[in-house]
$ cat run.cif   # mmCIF, C-alpha atoms and all ligand atoms
data_work
#
loop_
_atom_site.label_atom_id
_atom_site.label_comp_id
_atom_site.auth_asym_id
_atom_site.auth_seq_id
_atom_site.Cartn_x
_atom_site.Cartn_y
_atom_site.Cartn_z
CA MET A 23 -25.78 -23.47 16.52
CA VAL A 24 -22.39 -23.03 14.96
CA ASP A 25 -21.75 -19.36 14.33
CA PRO A 26 -21.79 -18.91 10.54
CA ILE A 27 -18.89 -16.47 10.82
CA PHE A 28 -16.49 -19.44 11.07
CA ASP A 29 -17.82 -20.98 7.90
CA LEU A 30 -17.40 -17.62 6.17
CA ILE A 31 -13.78 -17.44 7.31
CA THR A 32 -13.18 -20.92 5.90
CA GLN A 33 -14.75 -19.81 2.64
CA GLU A 34 -12.50 -16.75 2.55
CA GLU A 35 -9.43 -18.89 3.14
CA THR A 36 -10.43 -21.15 0.25
CA ARG A 37 -10.94 -18.09 -1.92
CA GLN A 38 -7.46 -16.84 -1.06
CA ARG A 39 -5.90 -20.25 -1.75
CA GLU A 40 -7.66 -20.81 -5.05
CA MET A 41 -7.19 -17.37 -6.49
CA ILE A 42 -4.23 -15.33 -7.62
CA GLY A 43 -4.01 -12.09 -5.62
CA LEU A 44 -2.46 -9.21 -7.51
CA ILE A 45 -3.55 -6.30 -5.33
CA PRO A 46 -0.18 -4.64 -4.66
CA SER A 47 -1.05 -3.55 -1.11
CA GLU A 48 -1.97 -7.04 0.07
CA ASN A 49 0.25 -9.73 1.52
CA HIS A 50 0.12 -12.90 3.62
CA ILE A 51 1.75 -13.02 7.06
CA SER A 52 3.94 -15.76 8.49
CA PRO A 53 2.39 -18.32 10.87
CA GLU A 54 4.44 -16.67 13.65
CA VAL A 55 2.96 -13.21 13.04
CA SER A 56 -0.46 -14.82 12.78
CA SER A 57 -0.19 -16.62 16.11
CA VAL A 58 0.88 -13.43 17.87
CA LEU A 59 -2.20 -11.66 16.53
CA SER A 60 -4.62 -14.06 18.21
CA SER A 61 -2.67 -14.18 21.47
CA CYS A 62 -3.60 -13.01 24.98
CA LEU A 63 -2.02 -9.64 24.20
CA ASN A 64 -5.36 -8.67 22.74
CA SER A 65 -6.90 -8.34 26.20
CA LYS A 66 -4.50 -5.84 27.76
CA TYR A 67 -5.06 -2.10 27.99
CA SER A 68 -1.86 -0.04 27.84
CA GLU A 69 -2.67 3.59 27.09
CA GLY A 70 0.52 5.61 27.10
CA TYR A 71 4.04 4.50 26.31
CA SER A 72 6.57 2.12 27.80
CA ARG A 73 7.04 2.92 31.53
CA ARG A 74 4.55 5.80 31.17
CA ARG A 75 1.21 3.94 31.18
CA TYR A 76 -2.15 4.97 32.56
CA TYR A 77 -2.92 1.36 33.54
CA GLU A 78 -1.18 -1.12 35.80
CA GLY A 79 -0.01 -4.55 34.76
CA ASN A 80 2.07 -3.45 31.80
CA GLN A 81 5.49 -4.72 32.89
CA ILE A 82 5.57 -7.31 30.09
CA ILE A 83 3.76 -5.21 27.50
CA ASP A 84 6.45 -2.56 28.04
CA GLN A 85 9.12 -5.09 27.09
CA ILE A 86 7.14 -6.15 24.02
CA GLU A 87 6.72 -2.57 22.81
CA ASP A 88 10.39 -1.81 23.54
CA LEU A 89 11.39 -4.82 21.43
CA ALA A 90 9.18 -3.70 18.54
CA VAL A 91 10.50 -0.12 18.70
CA ASN A 92 14.14 -1.19 18.98
CA ARG A 93 13.91 -3.68 16.13
CA VAL A 94 12.37 -1.11 13.81
CA LYS A 95 14.98 1.49 14.85
CA LYS A 96 17.76 -0.95 14.01
CA LEU A 97 16.20 -2.17 10.78
CA PHE A 98 15.85 1.34 9.34
CA ASP A 99 18.69 2.99 11.26
CA VAL A 100 16.47 5.71 12.70
CA PRO A 101 16.61 7.24 16.22
CA TYR A 102 12.87 7.45 17.00
CA VAL A 103 9.98 5.09 16.34
CA ASN A 104 6.30 4.87 17.27
CA VAL A 105 4.57 1.55 16.53
CA GLN A 106 1.14 2.43 17.95
CA PRO A 107 -0.78 3.86 14.97
CA TYR A 108 -3.88 1.78 14.29
CA SER A 109 -3.22 1.93 10.55
CA GLY A 110 -1.68 4.05 7.83
CA SER A 111 -4.42 6.65 7.59
CA PRO A 112 -4.48 7.64 11.30
CA ALA A 113 -0.66 7.54 11.27
CA ASN A 114 -0.63 10.20 8.57
CA GLY A 115 -3.17 12.15 10.59
CA ALA A 116 -0.94 12.03 13.65
CA ILE A 117 2.06 13.25 11.65
CA TYR A 118 0.10 16.20 10.27
CA PHE A 119 -1.25 17.08 13.70
CA ALA A 120 2.29 16.95 15.12
CA LEU A 121 3.75 19.18 12.40
CA MET A 122 0.92 21.57 11.51
CA GLN A 123 -1.86 23.69 12.91
CA PRO A 124 -5.31 23.28 11.34
CA GLY A 125 -5.52 25.52 8.28
CA GLU A 126 -1.83 25.31 7.42
CA THR A 127 -0.80 23.99 4.05
CA LEU A 128 -0.15 20.36 3.12
CA MET A 129 1.22 19.26 -0.25
CA GLY A 130 0.87 15.76 -1.60
CA LEU A 131 0.50 13.79 -4.81
CA ALA A 132 -3.06 13.87 -6.15
CA LEU A 133 -5.05 10.66 -5.78
CA SER A 134 -5.62 10.53 -9.54
CA SER A 135 -1.85 10.69 -10.03
CA GLY A 136 -1.12 7.80 -7.65
CA GLY A 137 -1.14 9.53 -4.27
CA HIS A 138 -3.13 8.38 -1.23
CA LEU A 139 -6.42 9.89 -0.04
CA THR A 140 -4.71 11.01 3.16
CA HIS A 141 -2.16 13.06 1.22
CA GLY A 142 -4.53 16.01 1.04
CA HIS A 143 -7.39 14.87 -1.14
CA PRO A 144 -9.80 17.80 -0.85
CA ASN A 145 -13.21 17.78 0.83
CA VAL A 146 -13.80 14.09 1.48
CA THR A 147 -10.78 13.41 3.73
CA PHE A 148 -9.64 14.83 7.06
CA SER A 149 -6.39 15.77 5.32
CA GLY A 150 -8.27 18.01 2.92
CA ARG A 151 -10.78 19.35 5.43
CA TYR A 152 -8.53 20.39 8.31
CA PHE A 153 -5.64 21.63 6.22
CA LYS A 154 -5.27 23.77 3.18
CA THR A 155 -4.09 21.36 0.53
CA VAL A 156 -2.18 21.75 -2.67
CA GLN A 157 -1.83 18.71 -4.88
CA TYR A 158 0.96 18.06 -7.34
CA GLY A 159 0.79 15.72 -10.30
CA LEU A 160 2.65 13.92 -13.06
CA ASP A 161 4.55 15.01 -16.15
CA SER A 162 4.00 13.75 -19.69
CA GLN A 163 6.08 10.65 -18.89
CA ALA A 164 3.74 9.81 -15.97
CA ARG A 165 6.52 10.63 -13.51
CA ILE A 166 6.20 13.09 -10.61
CA ASP A 167 6.40 16.58 -12.11
CA PHE A 168 9.13 18.15 -9.99
CA ASP A 169 8.97 21.42 -11.92
CA GLN A 170 5.31 21.78 -11.01
CA LEU A 171 6.02 20.63 -7.45
CA ALA A 172 8.72 23.31 -7.06
CA ARG A 173 6.52 25.99 -8.57
CA LEU A 174 3.56 25.14 -6.33
CA ALA A 175 5.80 24.91 -3.27
CA ARG A 176 7.26 28.39 -3.91
CA GLU A 177 3.79 29.78 -4.45
CA HIS A 178 1.98 28.15 -1.49
CA LYS A 179 4.83 27.70 1.04
CA PRO A 180 3.50 24.41 2.46
CA LYS A 181 4.31 23.45 6.02
CA VAL A 182 4.49 19.77 5.05
CA ILE A 183 5.32 18.03 1.79
CA VAL A 184 4.46 14.34 1.51
CA ALA A 185 6.53 12.11 -0.74
CA GLY A 186 4.60 8.91 -1.09
CA THR A 187 2.49 6.93 -3.48
CA THR A 188 -0.01 4.14 -3.66
CA ALA A 189 -0.27 3.64 -7.42
CA TYR A 190 3.03 4.69 -8.97
CA PRO A 191 5.41 2.34 -10.80
CA PHE A 192 8.60 4.41 -10.48
CA VAL A 193 11.33 4.84 -7.90
CA LEU A 194 10.88 7.92 -5.67
CA ASP A 195 13.72 10.45 -5.76
CA PHE A 196 13.73 11.57 -2.12
CA ALA A 197 16.77 13.84 -2.65
CA LYS A 198 14.82 15.89 -5.17
CA PHE A 199 11.92 16.26 -2.76
CA ARG A 200 14.44 17.38 -0.12
CA GLN A 201 15.81 20.15 -2.31
CA ILE A 202 12.36 21.62 -2.79
CA ALA A 203 11.36 21.17 0.86
CA ASP A 204 14.53 22.94 1.97
CA GLU A 205 13.99 25.80 -0.44
CA VAL A 206 10.59 26.59 1.09
CA GLY A 207 11.33 25.46 4.65
CA ALA A 208 8.80 22.60 4.63
CA TRP A 209 8.84 19.42 6.66
CA LEU A 210 9.41 16.44 4.39
CA VAL A 211 7.40 13.31 5.17
CA ALA A 212 7.95 10.05 3.27
CA ASP A 213 4.98 7.70 3.18
CA ILE A 214 6.62 4.45 2.11
CA SER A 215 3.67 2.16 2.91
CA HIS A 216 3.83 0.33 -0.39
CA ILE A 217 7.59 -0.01 -0.72
CA THR A 218 8.83 -0.64 2.84
CA GLY A 219 9.90 -4.21 2.13
CA LEU A 220 11.84 -3.04 -0.91
CA VAL A 221 13.51 -0.27 1.11
CA VAL A 222 14.52 -2.70 3.86
CA ALA A 223 16.11 -5.00 1.28
CA GLY A 224 17.88 -2.23 -0.65
CA GLU A 225 15.62 -2.73 -3.68
CA HIS A 226 14.43 0.88 -3.41
CA PRO A 227 16.53 3.86 -2.22
CA SER A 228 15.95 4.66 1.43
CA PRO A 229 14.27 7.92 2.43
CA VAL A 230 16.13 7.94 5.78
CA PRO A 231 18.99 10.31 4.78
CA HIS A 232 16.62 12.75 3.09
CA VAL A 233 13.39 13.16 5.02
CA ASP A 234 12.29 14.25 8.50
CA VAL A 235 9.54 11.74 9.19
CA ILE A 236 8.66 8.36 7.65
CA MET A 237 5.32 6.63 7.81
CA SER A 238 4.75 3.07 6.77
CA THR A 239 1.91 0.67 7.05
CA THR A 240 3.11 -2.68 8.36
CA HIS A 241 0.88 -4.99 6.34
CA LYS A 242 1.98 -4.38 2.76
CA THR A 243 5.48 -5.34 1.52
CA PHE A 244 6.65 -5.27 5.16
CA ARG A 245 4.55 -8.43 5.61
CA GLY A 246 3.42 -7.81 9.17
CA PRO A 247 0.08 -7.25 10.92
CA ARG A 248 -2.34 -4.51 9.86
CA GLY A 249 -0.97 -1.40 11.48
CA ALA A 250 1.57 1.33 10.92
CA MET A 251 4.78 2.79 12.25
CA ILE A 252 6.12 6.33 12.33
CA MET A 253 9.86 6.96 12.29
CA VAL A 254 11.66 10.21 12.95
CA THR A 255 15.06 10.51 11.28
CA GLN A 256 18.17 12.11 12.74
CA ARG A 257 17.56 14.93 10.31
CA GLY A 258 14.10 15.47 11.76
CA LEU A 259 15.43 15.43 15.33
CA ASP A 260 18.19 17.87 14.40
CA ARG A 261 15.56 20.31 13.24
CA ASP A 262 13.34 19.80 16.29
CA LYS A 263 14.68 17.72 19.16
CA ASP A 264 11.11 17.27 20.45
CA LEU A 265 9.76 15.91 17.19
CA GLY A 266 9.51 12.34 18.47
CA LYS A 267 7.64 13.48 21.55
CA LYS A 268 5.29 15.55 19.40
CA ILE A 269 4.52 12.50 17.24
CA ASP A 270 3.92 10.39 20.35
CA ALA A 271 1.56 13.02 21.78
CA ALA A 272 -0.27 13.32 18.47
CA ILE A 273 -0.99 9.55 18.60
CA ILE A 274 -2.08 9.56 22.26
CA PRO A 275 -3.76 11.65 23.64
CA GLY A 276 -4.12 13.39 20.27
CA LEU A 277 -5.82 10.80 18.14
CA GLN A 278 -5.97 7.34 19.70
CA GLY A 279 -6.56 5.47 22.93
CA GLY A 280 -5.03 2.15 23.90
CA PRO A 281 -2.48 0.57 21.55
CA HIS A 282 -3.24 -2.79 19.93
CA ASN A 283 -0.65 -4.83 21.78
CA ALA A 284 -1.05 -7.97 19.67
CA THR A 285 -0.31 -5.84 16.62
CA THR A 286 2.70 -4.32 18.38
CA ALA A 287 4.09 -7.82 18.99
CA GLY A 288 3.30 -8.74 15.40
CA ILE A 289 5.33 -5.75 14.22
CA ALA A 290 8.22 -6.93 16.40
CA VAL A 291 8.08 -10.40 14.84
CA ALA A 292 7.77 -8.99 11.32
CA ALA A 293 10.74 -6.67 11.92
CA GLU A 294 12.85 -9.65 12.97
CA GLU A 295 11.73 -11.56 9.89
CA ALA A 296 12.55 -8.58 7.68
CA SER A 297 16.11 -8.54 9.03
CA ARG A 298 16.80 -12.05 7.67
CA PRO A 299 18.69 -12.79 4.44
CA ALA A 300 15.59 -14.72 3.33
CA PHE A 301 13.61 -11.46 3.39
CA ILE A 302 16.14 -9.76 1.12
CA LYS A 303 15.72 -12.71 -1.24
CA TYR A 304 11.96 -12.20 -1.03
CA ALA A 305 12.21 -8.52 -1.95
CA LYS A 306 14.51 -9.28 -4.88
CA GLN A 307 12.02 -11.87 -6.09
CA ILE A 308 9.20 -9.28 -5.87
CA ARG A 309 11.23 -7.13 -8.28
CA THR A 310 12.13 -10.01 -10.61
CA ASN A 311 8.51 -11.11 -10.69
CA ALA A 312 7.32 -7.55 -11.35
CA ASP A 313 9.79 -7.09 -14.22
CA THR A 314 8.86 -10.45 -15.70
CA LEU A 315 5.13 -9.82 -15.42
CA ALA A 316 5.57 -6.35 -16.96
CA GLU A 317 7.55 -7.71 -19.89
CA ALA A 318 5.16 -10.59 -20.48
CA LEU A 319 2.09 -8.32 -20.45
CA GLN A 320 3.70 -5.92 -22.90
CA ALA A 321 4.82 -8.78 -25.15
CA LYS A 322 1.12 -9.67 -25.34
CA GLY A 323 0.27 -6.17 -26.50
CA LEU A 324 -0.98 -4.67 -23.25
CA MET A 325 0.20 -1.15 -22.43
CA LEU A 326 1.71 -0.27 -19.07
CA VAL A 327 1.99 3.23 -17.64
CA GLY A 328 5.68 4.09 -17.92
CA SER A 329 6.27 1.00 -20.10
CA GLY A 330 7.13 -1.18 -17.11
CA THR A 331 7.91 -0.93 -13.45
CA GLU A 332 10.74 0.10 -11.14
CA ASN A 333 9.09 -1.31 -8.04
CA HIS A 334 6.50 -3.97 -7.20
CA LEU A 335 3.48 -2.60 -9.05
CA MET A 336 2.21 -1.90 -12.52
CA LEU A 337 -0.65 0.00 -14.02
CA ILE A 338 -2.16 -1.61 -17.08
CA ASP A 339 -3.45 1.20 -19.28
CA LEU A 340 -6.49 0.04 -21.24
CA SER A 341 -7.49 3.47 -22.50
CA ALA A 342 -6.09 2.77 -25.98
CA ILE A 343 -8.26 -0.37 -26.22
CA SER A 344 -11.30 1.33 -24.79
CA PRO A 345 -11.61 4.14 -22.22
CA GLY A 346 -13.26 3.04 -18.99
CA LEU A 347 -12.47 -0.63 -19.52
CA GLY A 348 -10.73 -0.98 -16.13
CA ALA A 349 -13.83 -1.62 -14.05
CA GLN A 350 -15.01 -4.33 -16.44
CA VAL A 351 -11.65 -6.04 -16.77
CA ALA A 352 -11.17 -6.02 -12.99
CA TYR A 353 -14.55 -7.68 -12.58
CA ALA A 354 -13.87 -10.23 -15.34
CA MET A 355 -10.46 -11.04 -13.83
CA ASP A 356 -12.17 -11.75 -10.52
CA VAL A 357 -14.57 -14.13 -12.25
CA ALA A 358 -11.53 -15.78 -13.83
CA GLY A 359 -9.85 -16.24 -10.44
CA ILE A 360 -7.37 -13.35 -10.52
CA TYR A 361 -8.18 -10.39 -8.32
CA ALA A 362 -6.77 -6.91 -8.70
CA ASN A 363 -8.26 -3.45 -8.62
CA ARG A 364 -9.42 -0.96 -11.16
CA ASN A 365 -7.42 2.24 -11.14
CA THR A 366 -7.29 5.57 -12.91
CA VAL A 367 -4.52 6.07 -15.44
CA PRO A 368 -2.66 9.41 -15.76
CA ASN A 369 -5.02 11.88 -17.47
CA GLU A 370 -7.88 9.46 -16.91
CA PRO A 371 -10.34 9.96 -19.76
CA VAL A 372 -13.43 8.53 -18.00
CA SER A 373 -13.84 8.63 -14.20
CA PRO A 374 -12.39 7.21 -10.99
CA PHE A 375 -15.42 4.94 -10.69
CA TYR A 376 -15.11 3.66 -14.25
CA PRO A 377 -11.39 4.13 -14.81
CA SER A 378 -9.27 2.93 -17.70
CA GLY A 379 -6.61 1.06 -15.77
CA ILE A 380 -5.90 -1.98 -13.65
CA ARG A 381 -3.41 -1.87 -10.79
CA ILE A 382 -1.46 -5.07 -10.16
CA GLY A 383 1.56 -6.03 -8.09
CA THR A 384 3.68 -9.01 -7.09
CA PRO A 385 4.22 -8.91 -3.27
CA LEU A 386 1.49 -11.43 -2.44
CA VAL A 387 2.15 -13.97 -5.19
CA THR A 388 5.86 -13.80 -4.33
CA THR A 389 5.05 -14.64 -0.70
CA ARG A 390 3.22 -17.70 -2.01
CA GLY A 391 6.42 -18.82 -3.75
CA MET A 392 5.58 -17.95 -7.35
CA LYS A 393 8.52 -17.28 -9.62
CA ALA A 394 9.22 -15.77 -13.06
CA LYS A 395 7.71 -18.61 -15.09
CA ASP A 396 4.52 -18.31 -13.09
CA MET A 397 4.36 -14.60 -13.94
CA LYS A 398 4.39 -15.50 -17.64
CA GLN A 399 1.46 -17.83 -17.07
CA ILE A 400 -0.42 -15.12 -15.16
CA ALA A 401 0.22 -12.64 -17.99
CA THR A 402 -1.30 -15.12 -20.46
CA TRP A 403 -4.46 -15.40 -18.36
CA ILE A 404 -4.75 -11.63 -17.91
CA GLN A 405 -4.40 -11.08 -21.64
CA GLN A 406 -7.09 -13.69 -22.32
CA VAL A 407 -9.44 -11.96 -19.87
CA VAL A 408 -8.82 -8.56 -21.46
CA GLU A 409 -9.62 -10.02 -24.86
CA LEU A 410 -12.79 -11.70 -23.61
CA THR A 411 -13.87 -8.50 -21.87
CA GLN A 412 -13.30 -6.52 -25.01
CA SER A 413 -15.40 -8.85 -27.12
CA ALA A 414 -18.17 -9.16 -24.51
CA ARG A 415 -18.12 -5.48 -23.83
CA LEU A 416 -21.28 -3.44 -23.63
CA PRO A 417 -21.53 0.05 -25.15
CA GLU A 418 -19.33 2.91 -23.95
CA VAL A 419 -19.48 3.66 -20.28
CA GLN A 420 -20.82 7.18 -20.16
CA ALA A 421 -21.13 8.23 -16.59
CA GLU A 422 -20.81 7.14 -13.03
CA ARG A 423 -23.36 4.63 -11.82
CA SER A 424 -23.79 3.53 -15.39
CA PRO A 425 -26.16 0.58 -15.69
CA PHE A 426 -23.75 -1.00 -18.16
CA LEU A 427 -21.42 -2.41 -15.55
CA LYS A 428 -24.30 -4.22 -13.88
CA GLU A 429 -25.26 -5.78 -17.19
CA PHE A 430 -21.66 -6.61 -17.87
CA ARG A 431 -21.34 -8.29 -14.50
CA ALA A 432 -24.38 -10.47 -15.09
CA LYS A 433 -22.89 -11.49 -18.41
CA ALA A 434 -19.39 -12.11 -17.03
CA ASP A 435 -20.73 -14.27 -14.19
CA LYS A 436 -22.16 -16.67 -16.75
CA ASP A 437 -19.32 -16.54 -19.25
CA LYS A 438 -18.10 -20.07 -20.00
CA LYS A 439 -14.65 -18.99 -21.14
CA LEU A 440 -13.99 -16.93 -18.03
CA ARG A 441 -15.12 -19.87 -15.93
CA ALA A 442 -12.80 -22.19 -17.83
CA ILE A 443 -9.88 -19.88 -17.02
CA ARG A 444 -10.95 -19.94 -13.39
CA GLN A 445 -10.68 -23.74 -13.36
CA GLU A 446 -7.11 -23.52 -14.63
CA VAL A 447 -6.24 -20.72 -12.21
CA SER A 448 -7.64 -22.63 -9.22
CA ALA A 449 -5.70 -25.79 -10.05
CA PHE A 450 -2.57 -23.67 -10.42
CA ALA A 451 -3.04 -21.54 -7.29
CA ARG A 452 -3.81 -24.49 -5.02
CA GLU A 453 -0.24 -25.69 -5.57
CA PHE A 454 1.11 -22.67 -3.70
CA PRO A 455 0.84 -22.29 0.09
CA LEU A 456 -0.31 -18.89 1.32
CA PHE A 457 3.03 -18.21 2.98
CA THR A 458 6.44 -19.68 2.27
CA TRP A 459 10.01 -18.56 2.78
CA LYS A 460 11.03 -20.41 -0.41
C1 LIG B 1 -2.12 1.94 2.26
C2 LIG B 1 -1.63 3.31 2.35
C3 LIG B 1 -2.04 4.18 3.37
C4 LIG B 1 -3.18 3.87 4.32
O1 LIG B 1 -3.06 2.77 5.08
P1 LIG B 1 -4.36 2.12 5.78
O2 LIG B 1 -3.75 1.14 6.69
O3 LIG B 1 -5.18 1.54 4.68
O4 LIG B 1 -5.08 3.20 6.50
C5 LIG B 1 -1.47 5.43 3.46
N1 LIG B 1 -0.55 5.81 2.57
C6 LIG B 1 -0.14 5.01 1.55
C7 LIG B 1 0.89 5.50 0.59
C8 LIG B 1 -0.68 3.75 1.40
O5 LIG B 1 -0.31 2.99 0.38
#
$ encode --input "run.cif" --output "structure tokens"
Amino acid sequence: MVDPIFDLITQEETRQREMIGLIPSENHISPEVSSVLSSCLNSKYSEGYSRRRYYEGNQIIDQIEDLAVNRVKKLFDVPYVNVQPYSGSPANGAIYFALMQPGETLMGLALSSGGHLTHGHPNVTFSGRYFKTVQYGLDSQARIDFDQLARLAREHKPKVIVAGTTAYPFVLDFAKFRQIADEVGAWLVADISHITGLVVAGEHPSPVPHVDVIMSTTHKTFRGPRGAMIMVTQRGLDRDKDLGKKIDAAIIPGLQGGPHNATTAGIAVAAEEASRPAFIKYAKQIRTNADTLAEALQAKGLMLVGSGTENHLMLIDLSAISPGLGAQVAYAMDVAGIYANRNTVPNEPVSPFYPSGIRIGTPLVTTRGMKAKDMKQIATWIQQVVELTQSARLPEVQAERSPFLKEFRAKADKDKKLRAIRQEVSAFAREFPLFTWK
């Protein structure tokens, strides 16, 4: 019997090739990163750090991890790097455990304002259960409300402030965060997971001069394997010369066991790729594509939070058309061959489960080689889907677990016009390889 898992993987690859991926946290990796991930490195246990391992046989693994660490240090110009976190969420956990005692106060951007769950979302996350959390939000322009942030910081005296976002279309002003952190004596952590590739290429200001610690996932705009890296800046080391060691200890033995060596090598390869001129061109194209897509969507009458984007992502705000439309449009887009995710908009009028927005971004389509004219075509399809969704729409979504979405889904699956768009999208998408440097 052939294991059906292989057929499923082939099906998934076809899906990725024939669809347009607009989820801003996703990307495709180079064939080189890919080959490293399925290499023999997967079989080696290496608990500990280079030349300080609990297992024998790590002479070569040590060199691989050293290469990864040194390349990331050079790329970001930072003195201390740990490439072992299994992913972004445990990496944030390790940073908090290195900088805080349980019960101390963490400040981060609220999930509903574009922050990440691990930035102190109360109750359901470790970050909200093991620490006291205070969440800041957005001002009337949908930008981070620094007045509120300063007020809350003075009131609650947080030990750690996180500057980082996962659904926020504006540039982050790390210097402003620094001012507030300094005033209250807090550690400042930048979580740049979404924007790392832009930072590397100079398309977003770097947090390095302003913050103490930086966390980034390695699989988003950085275009590497699924994983994460933690950097300590010179500023952070000046404040505590043992900060790097504390981070290392928080990863292992604090939180994790053996590092994923294939991932470590993949990070090394991705860091080399990110140091090439071609990567800078890639990051610039992400921005051009994002600006073009934003303009084209708005020209078609769709509203964007902040009227555009300063990075790689946009939030389409459908609340003026109909509150709660996000879940339905996201589903209809998927039927039409374009996948994204539903998202809350600032001051979400319905609920996180039936939100009024769609989050889209250009890192993945840019990796496939799509350019500005392709963004205009994508905007046309999105607008058509929104219109079809609106006309096919079932009554107001009232509450979570509403039966209406299920009915809507059944209807969308059979919709001839959505299927016709999917035909066009598939023919279009098949022309683009999953990964190209061009
Ligand atoms: C994606 C992301 C994370 C979490 O990364 P995972 O690898 O999914 O655990 C953390 N912070 C931010 C800002 C992110 O965008």
$ residues_near_ligand --input "run.cif" --ligand "ligand LIG 1 (chain B)" --cutoff "8 Å" --atoms "only C-alpha atoms and all ligand atoms" --output "ChimeraX atom specification"
/A:47,108-114,137-141,186-189,213-216,237-239,241-242,248-250
$ residues_around --input "run.cif" --residues "Ser448 in chain A" --least-positions-apart "5" --cutoff "8 Å" --atoms "all atoms listed in the file" --output "PyMOL selection string"
chain A and resi 40-41+359
$ residues_near_point --input "run.cif" --point "(-17.0, -14.7, -9.6)" --cutoff "6 Å" --atoms "all atoms listed in the file" --output "number ranges by chain"
A: 356-357, 435
$ residues_around --input "run.cif" --residues "range 344-348 of chain A" --least-positions-apart "4" --cutoff "10 Å" --atoms "only C-alpha atoms" --output "PDB file with C-alpha atoms, keeping the file's coordinate frame"
ATOM      1  CA  ILE A 338      -2.160  -1.610 -17.080  1.00  0.00           C
ATOM      2  CA  ASP A 339      -3.450   1.200 -19.280  1.00  0.00           C
ATOM      3  CA  LEU A 340      -6.490   0.040 -21.240  1.00  0.00           C
ATOM      4  CA  ALA A 352     -11.170  -6.020 -12.990  1.00  0.00           C
ATOM      5  CA  TYR A 353     -14.550  -7.680 -12.580  1.00  0.00           C
ATOM      6  CA  ALA A 354     -13.870 -10.230 -15.340  1.00  0.00           C
ATOM      7  CA  ASN A 363      -8.260  -3.450  -8.620  1.00  0.00           C
ATOM      8  CA  ARG A 364      -9.420  -0.960 -11.160  1.00  0.00           C
ATOM      9  CA  ASN A 365      -7.420   2.240 -11.140  1.00  0.00           C
ATOM     10  CA  THR A 366      -7.290   5.570 -12.910  1.00  0.00           C
ATOM     11  CA  VAL A 367      -4.520   6.070 -15.440  1.00  0.00           C
ATOM     12  CA  GLU A 370      -7.880   9.460 -16.910  1.00  0.00           C
ATOM     13  CA  PRO A 371     -10.340   9.960 -19.760  1.00  0.00           C
ATOM     14  CA  VAL A 372     -13.430   8.530 -18.000  1.00  0.00           C
ATOM     15  CA  SER A 373     -13.840   8.630 -14.200  1.00  0.00           C
ATOM     16  CA  PRO A 374     -12.390   7.210 -10.990  1.00  0.00           C
ATOM     17  CA  PHE A 375     -15.420   4.940 -10.690  1.00  0.00           C
ATOM     18  CA  TYR A 376     -15.110   3.660 -14.250  1.00  0.00           C
ATOM     19  CA  PRO A 377     -11.390   4.130 -14.810  1.00  0.00           C
ATOM     20  CA  SER A 378      -9.270   2.930 -17.700  1.00  0.00           C
ATOM     21  CA  GLY A 379      -6.610   1.060 -15.770  1.00  0.00           C
ATOM     22  CA  ILE A 380      -5.900  -1.980 -13.650  1.00  0.00           C
ATOM     23  CA  ARG A 381      -3.410  -1.870 -10.790  1.00  0.00           C
ATOM     24  CA  VAL A 408      -8.820  -8.560 -21.460  1.00  0.00           C
ATOM     25  CA  THR A 411     -13.870  -8.500 -21.870  1.00  0.00           C
ATOM     26  CA  GLN A 412     -13.300  -6.520 -25.010  1.00  0.00           C
ATOM     27  CA  ARG A 415     -18.120  -5.480 -23.830  1.00  0.00           C
ATOM     28  CA  GLU A 418     -19.330   2.910 -23.950  1.00  0.00           C
ATOM     29  CA  VAL A 419     -19.480   3.660 -20.280  1.00  0.00           C
ATOM     30  CA  GLN A 420     -20.820   7.180 -20.160  1.00  0.00           C
ATOM     31  CA  ALA A 421     -21.130   8.230 -16.590  1.00  0.00           C
ATOM     32  CA  LEU A 427     -21.420  -2.410 -15.550  1.00  0.00           C
TER      33      LEU A 427
END
$ residues_near_point --input "run.cif" --point "(-19.3, -12.6, -19.1)" --cutoff "12 Å" --atoms "all atoms listed in the file" --output "ChimeraX atom specification"
/A:350-351,353-358,407-416,427-442
$ closest_residue --input "run.cif" --among "A:Gln406, A:Ser135, A:Thr147, A:Gln81" --to "Ser162 in chain A" --atoms "all atoms listed in the file"
A:Ser135
$ closest_atom_pairs --input "run.cif" --of "range 30-133 of chain A" --to "range 195-200 of chain A" --cutoff "12 Å" --atoms "all atoms listed in the file" --output "JSON lines"
{"residue": "A:Met129", "atom": "CA", "partner": "A:Phe199", "partner_atom": "CA", "distance": 11.4}
{"residue": "A:Gly130", "atom": "CA", "partner": "A:Phe199", "partner_atom": "CA", "distance": 11.1}
{"residue": "A:Leu131", "atom": "CA", "partner": "A:Phe199", "partner_atom": "CA", "distance": 11.9}
$ residues_around --input "run.cif" --residues "Pro231 in chain A" --least-positions-apart "5" --cutoff "12 Å" --atoms "all atoms listed in the file" --output "NGL selection string"
:A and (98-100 or 195-197 or 199-200 or 210-212 or 236 or 254-258)
$ residues_around --input "run.cif" --residues "Asn333 in chain A" --least-positions-apart "2" --cutoff "10 Å" --atoms "only C-alpha atoms" --output "list in words"
Tyr190, Pro191, Phe192, Val193, Leu194, His216, Ile217, Leu220, Glu225, His226, Ala305, Ile308, Arg309, Thr310, Ala312, Asp313, Gly330, Thr331, Leu335, Met336, Gly383 and Thr384 of chain A
$ atom_distance --input "run.cif" --atom1 "CA of Arg390 in chain A" --atom2 "CA of Lys306 in chain A"
14.4 Å
